[in-house]
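Colleague: What follows is a single structure, and I will ask about it in a moment.
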Amino acid sequence: TPTNVLEQFRLGGKVVVVNGAADGIGLAVAEAMAEAGAHVALWYNSNDAAIGKAQQLASTHNIQAAAYKVDVSDATQVSQTIDKVVNDFEKIDVFVANAGMAISKPILEQTLEEYQKQMSVNVDGIVHCAKYAGHVFQRQGFGNLIITSSMSAHIVNVPVDQPVYNATKAFVTHFGKSLAREWRDFARVNIVSPGFFDTKMGASPLCVNEAYRMSALGRQGHVKEIKGLYLYLASDASTYMTGSDVLIDGGYVL
Ligand code: NAI
């Protein structure tokens with residue numbers, strides 16, 4: 001690790017995978033990694049704008065970038081896509097497990113399918129990605145997993161009714177902490193817990209108003225304001241950090 005702090009933040013030569021990379025936080029994270037010099041694999045599910053974005057990042061930053069279509073709730077697709085990435089990029093330094101979704105309804109109004117959908121993306125999706133990336137990390141002898149959880153893992157954020165979503169995030173936070181121990185010999189694992197950000201997920205008037213009313217900063221975060229945290233966790237500036245859960249919420253959970 002370089003002693004110069006700005007050097008520590010450079011990602012030149014590293015390979016970073018980001019899922020949920022077509023939109024919102026994931027796209028901002030993929031941009032941050034490319035801007036810091038990393039090669040990036042953008043995983044997307046339905047929004048194939050990720051393909052053009054990968055091409056644009058490659059030419060703007062003179063890095064290797066590619067887009068992969070994968071449903072993270074499908075273990076086979078995740079496993080096969082991890083293999084493809086290793087084949088294309090030769091290694092994985094950092095995996096950002098970011099894809100997620102929420103259904104905002106009281107539990108008494110949720111169908112079984114709605115419950116299962118949230119579990120399959122937010123819980124199964126993280127477990128599959130962590131597990132198959134973890135095999136690569138173990139084989140390589142190095143690796144770095146960053147999980148996007150939520151402040152909803154810490155608090156029940158009234159008035160948004162998201163009982164299942166909240167619980168899925170509590171799962172992934174504690175899962176990530178557990179992996180920090182399990183993988184202590186070869187990989188770091190950290191968790192980011194965002195508050196209200198101005199993405200598709202955070203676009204509802206309820207979220208916008210709640211951020212305005214209740215966060216210390218009195219507004220939602222812009223995705224450009226989360227890039228630095230992921231860069232820090234991905235970089236050699238954070239080599240002593242593992243098992244941490246970092247809130248970035250404009251002072252909502254106080
Ligand atoms: P977003 O809706 O813009 O992005 C979510 C991404 O996940 C999309 O790219 C979507 O295609 C992908 N995704 C959904 N289901 C998938 C599947 N089955 N397979 C692969 N990809 C799938 O929302 P945002 O805000 O960027 O969300 C990113 C992460 O941040 C999520 O895990 C979310 O729970 C978390 N988060 C967001 C907050 C916010 O206020 N925006 C607050 C706290 C956490």
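How things are named: the first chain in the structure tokens is A, the next is B, and so on; residues count from 1 in each chain; ligands count from 1 in the order shown.
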Write out as number ranges by chain each polymer residue whose atoms come within 9 Å of segment 14-25 of chain A, counting only C-alpha atoms; drop sequence neighbours fewer than 4 positions from it.

Modeller: A: 29-30, 33-34, 37-51, 53, 64, 67, 70, 72, 85, 89-100, 197-201, 223-224, 226-227, 234

Colleague: List the neighbours of segment 114-122 of chain A out to 8 Å using only C-alpha atoms; skip same-chain residues closer than 3 positions along the sequence, and give me the result as a compact mmCIF listing (two decimals) with N, CA and C atoms, in the first residue's frame.

Modeller:
# COMPACT_ATOMS: atom_id res chain seq x y z
N VAL A 72 -29.83 -11.56 -10.61
CA VAL A 72 -29.05 -12.00 -9.44
C VAL A 72 -29.77 -13.02 -8.57
N SER A 73 -31.09 -13.12 -8.74
CA SER A 73 -31.82 -14.09 -7.92
C SER A 73 -31.65 -15.52 -8.44
N ALA A 99 -27.53 -4.62 -6.31
CA ALA A 99 -28.90 -4.72 -6.85
C ALA A 99 -29.89 -4.95 -5.71
N GLY A 100 -31.04 -4.32 -5.83
CA GLY A 100 -32.07 -4.51 -4.80
C GLY A 100 -33.39 -3.93 -5.28
N MET A 101 -34.45 -4.29 -4.60
CA MET A 101 -35.76 -3.72 -4.93
C MET A 101 -36.64 -3.69 -3.67
N ALA A 102 -37.65 -2.85 -3.73
CA ALA A 102 -38.53 -2.71 -2.57
C ALA A 102 -39.98 -2.67 -3.00
N ILE A 103 -40.83 -3.28 -2.19
CA ILE A 103 -42.27 -3.14 -2.38
C ILE A 103 -42.81 -2.47 -1.12
N GLN A 110 -49.47 -7.47 1.42
CA GLN A 110 -48.53 -8.05 0.46
C GLN A 110 -48.95 -9.47 0.08
N THR A 111 -48.82 -9.77 -1.20
CA THR A 111 -49.08 -11.14 -1.65
C THR A 111 -47.83 -11.98 -1.38
N GLY A 125 -30.17 -12.91 -3.90
CA GLY A 125 -29.27 -12.25 -4.85
C GLY A 125 -27.92 -11.94 -4.21
N ILE A 126 -27.95 -11.40 -3.00
CA ILE A 126 -26.69 -11.06 -2.31
C ILE A 126 -25.93 -12.34 -1.94
N VAL A 164 -40.87 -6.08 4.74
CA VAL A 164 -40.04 -7.17 4.20
C VAL A 164 -38.70 -6.61 3.74
N TYR A 165 -38.76 -5.50 3.02
CA TYR A 165 -37.53 -4.83 2.57
C TYR A 165 -36.61 -4.55 3.76
N THR A 168 -34.97 -7.69 4.86
CA THR A 168 -33.96 -8.21 3.92
C THR A 168 -32.65 -7.45 4.12
N LYS A 169 -32.75 -6.16 4.40
CA LYS A 169 -31.53 -5.36 4.57
C LYS A 169 -30.83 -5.71 5.88
N VAL A 172 -28.82 -8.80 5.07
CA VAL A 172 -27.57 -8.66 4.32
C VAL A 172 -26.50 -7.95 5.13

Colleague: So, with only C-alpha atoms and all ligand atoms as the atoms that count, which of A:Asp185, A:Asp236, A:Asp249, A:Asp88 lies closest to ligand 1?

Modeller: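 The closest residue to ligand 1 is A:Asp249.
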
Colleague: DSSP on the backbone: which residues in segment 125-225 of chain A end up as helix (DSSP H, G or I)? Give the answer as an MDAnalysis selection string.

Modeller: chainID A and resid 125:140 151:153 163:182 205:214 223:225

Colleague: Mind dumping the selected residues with N, CA and C atoms as a compact mmCIF listing (two decimals), in the first residue's frame?

Modeller:
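Done, and the output landed in selection-v3.txt:
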# COMPACT_ATOMS: atom_id res chain seq x y z
N GLY A 125 -30.17 -12.91 -3.90
CA GLY A 125 -29.27 -12.25 -4.85
C GLY A 125 -27.92 -11.94 -4.21
N ILE A 126 -27.95 -11.40 -3.00
CA ILE A 126 -26.69 -11.06 -2.31
C ILE A 126 -25.93 -12.34 -1.94
N VAL A 127 -26.67 -13.35 -1.48
CA VAL A 127 -26.01 -14.60 -1.08
C VAL A 127 -25.34 -15.26 -2.28
N HIS A 128 -26.05 -15.34 -3.40
CA HIS A 128 -25.46 -15.97 -4.60
C HIS A 128 -24.21 -15.21 -5.04
N CYS A 129 -24.32 -13.88 -5.13
CA CYS A 129 -23.18 -13.08 -5.61
C CYS A 129 -22.00 -13.21 -4.66
N ALA A 130 -22.27 -13.13 -3.36
CA ALA A 130 -21.18 -13.23 -2.38
C ALA A 130 -20.52 -14.60 -2.49
N LYS A 131 -21.33 -15.63 -2.59
CA LYS A 131 -20.79 -16.99 -2.59
C LYS A 131 -19.90 -17.25 -3.81
N TYR A 132 -20.39 -16.88 -4.99
CA TYR A 132 -19.59 -17.18 -6.19
C TYR A 132 -18.41 -16.23 -6.33
N ALA A 133 -18.58 -14.97 -5.91
CA ALA A 133 -17.40 -14.08 -5.88
C ALA A 133 -16.42 -14.59 -4.84
N GLY A 134 -16.93 -15.09 -3.72
CA GLY A 134 -16.08 -15.60 -2.64
C GLY A 134 -15.21 -16.76 -3.07
N HIS A 135 -15.76 -17.64 -3.92
CA HIS A 135 -14.93 -18.74 -4.45
C HIS A 135 -13.74 -18.18 -5.23
N VAL A 136 -14.00 -17.13 -6.01
CA VAL A 136 -12.92 -16.51 -6.78
C VAL A 136 -11.90 -15.87 -5.83
N PHE A 137 -12.41 -15.14 -4.84
CA PHE A 137 -11.52 -14.47 -3.88
C PHE A 137 -10.63 -15.50 -3.17
N GLN A 138 -11.23 -16.62 -2.78
CA GLN A 138 -10.47 -17.64 -2.06
C GLN A 138 -9.37 -18.23 -2.94
N ARG A 139 -9.74 -18.49 -4.19
CA ARG A 139 -8.78 -19.04 -5.14
C ARG A 139 -7.64 -18.06 -5.39
N GLN A 140 -7.98 -16.78 -5.52
CA GLN A 140 -6.97 -15.75 -5.80
C GLN A 140 -6.11 -15.47 -4.58
N MET A 151 -30.18 2.09 5.47
CA MET A 151 -30.45 2.52 6.85
C MET A 151 -31.67 1.78 7.40
N SER A 152 -32.47 1.21 6.49
CA SER A 152 -33.63 0.42 6.92
C SER A 152 -33.23 -0.87 7.64
N ALA A 153 -31.95 -1.20 7.61
CA ALA A 153 -31.46 -2.32 8.42
C ALA A 153 -31.32 -1.89 9.87
N PRO A 163 -41.94 -3.52 5.43
CA PRO A 163 -41.50 -4.48 6.45
C PRO A 163 -40.57 -5.56 5.91
N VAL A 164 -40.87 -6.08 4.74
CA VAL A 164 -40.04 -7.17 4.20
C VAL A 164 -38.70 -6.61 3.74
N TYR A 165 -38.76 -5.50 3.02
CA TYR A 165 -37.53 -4.83 2.57
C TYR A 165 -36.61 -4.55 3.76
N ASN A 166 -37.15 -3.96 4.82
CA ASN A 166 -36.33 -3.64 6.00
C ASN A 166 -35.62 -4.89 6.51
N ALA A 167 -36.36 -5.99 6.58
CA ALA A 167 -35.79 -7.22 7.11
C ALA A 167 -34.75 -7.82 6.17
N THR A 168 -34.97 -7.69 4.86
CA THR A 168 -33.96 -8.21 3.92
C THR A 168 -32.65 -7.45 4.12
N LYS A 169 -32.75 -6.16 4.40
CA LYS A 169 -31.53 -5.36 4.57
C LYS A 169 -30.83 -5.71 5.88
N ALA A 170 -31.62 -6.00 6.93
CA ALA A 170 -31.00 -6.44 8.18
C ALA A 170 -30.25 -7.76 7.94
N PHE A 171 -30.85 -8.62 7.12
CA PHE A 171 -30.19 -9.89 6.77
C PHE A 171 -28.84 -9.62 6.12
N VAL A 172 -28.82 -8.80 5.07
CA VAL A 172 -27.57 -8.66 4.32
C VAL A 172 -26.50 -7.95 5.13
N THR A 173 -26.91 -7.05 6.01
CA THR A 173 -25.91 -6.38 6.87
C THR A 173 -25.23 -7.41 7.76
N HIS A 174 -26.00 -8.24 8.41
CA HIS A 174 -25.39 -9.21 9.32
C HIS A 174 -24.67 -10.33 8.57
N PHE A 175 -25.19 -10.67 7.41
CA PHE A 175 -24.52 -11.64 6.55
C PHE A 175 -23.13 -11.10 6.18
N GLY A 176 -23.07 -9.85 5.77
CA GLY A 176 -21.79 -9.24 5.40
C GLY A 176 -20.80 -9.25 6.56
N LYS A 177 -21.28 -8.90 7.74
CA LYS A 177 -20.39 -8.91 8.92
C LYS A 177 -19.87 -10.33 9.18
N SER A 178 -20.74 -11.30 9.00
CA SER A 178 -20.35 -12.69 9.22
C SER A 178 -19.27 -13.11 8.23
N LEU A 179 -19.43 -12.67 6.97
CA LEU A 179 -18.43 -13.03 5.96
C LEU A 179 -17.08 -12.37 6.23
N ALA A 180 -17.12 -11.18 6.84
CA ALA A 180 -15.85 -10.51 7.17
C ALA A 180 -15.00 -11.43 8.04
N ARG A 181 -15.63 -12.16 8.93
CA ARG A 181 -14.90 -13.14 9.76
C ARG A 181 -14.55 -14.39 8.97
N GLU A 182 -15.55 -14.93 8.28
CA GLU A 182 -15.33 -16.19 7.56
C GLU A 182 -14.19 -16.05 6.55
N PRO A 205 -42.82 10.60 -3.58
CA PRO A 205 -42.98 11.83 -2.78
C PRO A 205 -42.81 11.56 -1.29
N LEU A 206 -43.19 10.36 -0.87
CA LEU A 206 -43.04 9.98 0.54
C LEU A 206 -41.56 10.05 0.96
N CYS A 207 -40.69 9.47 0.11
CA CYS A 207 -39.25 9.48 0.42
C CYS A 207 -38.69 10.89 0.37
N VAL A 208 -39.07 11.63 -0.67
CA VAL A 208 -38.56 13.00 -0.83
C VAL A 208 -38.96 13.84 0.38
N ASN A 209 -40.22 13.76 0.77
CA ASN A 209 -40.71 14.56 1.90
C ASN A 209 -40.08 14.15 3.22
N GLU A 210 -39.91 12.84 3.39
CA GLU A 210 -39.35 12.34 4.64
C GLU A 210 -37.90 12.81 4.80
N ALA A 211 -37.15 12.78 3.69
CA ALA A 211 -35.77 13.26 3.73
C ALA A 211 -35.74 14.75 4.07
N TYR A 212 -36.67 15.49 3.49
CA TYR A 212 -36.77 16.93 3.72
C TYR A 212 -37.11 17.21 5.19
N ARG A 213 -38.04 16.44 5.71
CA ARG A 213 -38.58 16.68 7.05
C ARG A 213 -37.64 16.20 8.16
N MET A 214 -37.03 15.04 7.97
CA MET A 214 -36.42 14.36 9.11
C MET A 214 -34.90 14.20 9.07
N VAL A 223 -26.79 10.82 -6.10
CA VAL A 223 -25.89 9.66 -6.23
C VAL A 223 -24.42 10.04 -6.35
N LYS A 224 -24.13 11.22 -6.86
CA LYS A 224 -22.72 11.61 -6.95
C LYS A 224 -22.10 11.74 -5.55
N GLU A 225 -22.96 11.89 -4.54
CA GLU A 225 -22.47 12.05 -3.17
C GLU A 225 -22.18 10.72 -2.46

Colleague: Counting only C-alpha atoms, what is within 10 Å of Pro2 of chain A, bar same-chain residues fewer than 6 positions away, as a PyMOL selection string?

Modeller: chain A and resi 8-10+236-237

Colleague: For Ala58 of chain A, which residue out of A:Gln80, A:Glu31, A:Ile248, A:Gly143 is the nearest one, using only C-alpha atoms?

Modeller: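 Comparing A:Gln80, A:Glu31, A:Ile248, A:Gly143 against Ala58 of chain A, the winner is A:Glu31.
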
Colleague: Out of A:Val78, A:Val5, A:Leu233, A:Val158, which residue has the shortest atom-to-atom distance to ligand 1 when counting only C-alpha atoms and all ligand atoms?

Modeller: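 For ligand 1, the nearest of the given residues is A:Val78.
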
Colleague: Quick check for you: according to DSSP on this backbone, which residues of segment 134-186 of chain A are classed as strand (DSSP E)? Reply as a PyMOL selection string.

Modeller: chain A and resi 144-148

Colleague: Residues at most 9 Å from Thr242 of chain A, counting only C-alpha atoms, excluding those fewer than 3 positions away in the same chain, as a VMD selection string?

Modeller: chain A and resid 177 180 to 181 184 187 to 191 238 to 239 245

Colleague: Those residues with N, CA and C atoms, as a PDB file, in the first residue's frame please?

Modeller:
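Writing the result to out.pdb gives the following:
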ATOM      1  N   LYS A 177     -21.280  -8.900   7.745  1.00  0.00           N
ATOM      2  CA  LYS A 177     -20.389  -8.909   8.920  1.00  0.00           C
ATOM      3  C   LYS A 177     -19.870 -10.328   9.176  1.00  0.00           C
ATOM      4  N   ALA A 180     -17.115 -11.175   6.843  1.00  0.00           N
ATOM      5  CA  ALA A 180     -15.849 -10.508   7.171  1.00  0.00           C
ATOM      6  C   ALA A 180     -14.998 -11.427   8.044  1.00  0.00           C
ATOM      7  N   ARG A 181     -15.633 -12.165   8.931  1.00  0.00           N
ATOM      8  CA  ARG A 181     -14.900 -13.137   9.763  1.00  0.00           C
ATOM      9  C   ARG A 181     -14.547 -14.394   8.970  1.00  0.00           C
ATOM     10  N   ARG A 184     -11.662 -13.837   6.589  1.00  0.00           N
ATOM     11  CA  ARG A 184     -10.623 -12.943   7.097  1.00  0.00           C
ATOM     12  C   ARG A 184      -9.245 -13.212   6.505  1.00  0.00           C
ATOM     13  N   ALA A 187     -10.163 -11.992   2.164  1.00  0.00           N
ATOM     14  CA  ALA A 187     -10.967 -10.896   1.589  1.00  0.00           C
ATOM     15  C   ALA A 187     -11.532  -9.992   2.677  1.00  0.00           C
ATOM     16  N   ARG A 188     -11.749  -8.741   2.298  1.00  0.00           N
ATOM     17  CA  ARG A 188     -12.456  -7.797   3.168  1.00  0.00           C
ATOM     18  C   ARG A 188     -13.921  -7.733   2.733  1.00  0.00           C
ATOM     19  N   VAL A 189     -14.782  -7.460   3.705  1.00  0.00           N
ATOM     20  CA  VAL A 189     -16.211  -7.322   3.409  1.00  0.00           C
ATOM     21  C   VAL A 189     -16.743  -6.125   4.188  1.00  0.00           C
ATOM     22  N   ASN A 190     -17.338  -5.181   3.498  1.00  0.00           N
ATOM     23  CA  ASN A 190     -17.934  -4.026   4.183  1.00  0.00           C
ATOM     24  C   ASN A 190     -19.322  -3.742   3.632  1.00  0.00           C
ATOM     25  N   ILE A 191     -20.068  -2.987   4.401  1.00  0.00           N
ATOM     26  CA  ILE A 191     -21.472  -2.743   4.090  1.00  0.00           C
ATOM     27  C   ILE A 191     -21.709  -1.233   4.029  1.00  0.00           C
ATOM     28  N   SER A 238      -8.575   1.801   2.504  1.00  0.00           N
ATOM     29  CA  SER A 238      -9.395   1.194   3.573  1.00  0.00           C
ATOM     30  C   SER A 238      -8.918  -0.208   3.940  1.00  0.00           C
ATOM     31  N   THR A 239      -7.612  -0.452   3.793  1.00  0.00           N
ATOM     32  CA  THR A 239      -7.129  -1.839   3.986  1.00  0.00           C
ATOM     33  C   THR A 239      -7.317  -2.362   5.413  1.00  0.00           C
ATOM     34  N   ASP A 245     -20.081  -1.310   8.818  1.00  0.00           N
ATOM     35  CA  ASP A 245     -21.356  -0.933   8.203  1.00  0.00           C
ATOM     36  C   ASP A 245     -21.425   0.592   8.264  1.00  0.00           C
TER      37      ASP A 245
END

Colleague: Tell me which of A:Gly243, A:Gly26, A:Pro106, A:Gly52 sits closest to ligand 1, counting only C-alpha atoms and all ligand atoms.

Modeller: A:Gly26

Colleague: With distances taken over only C-alpha atoms, which of A:Ala216, A:Leu27, A:Ala65, A:Leu108 is nearest to Gly250 of chain A?

Modeller: A:Ala216
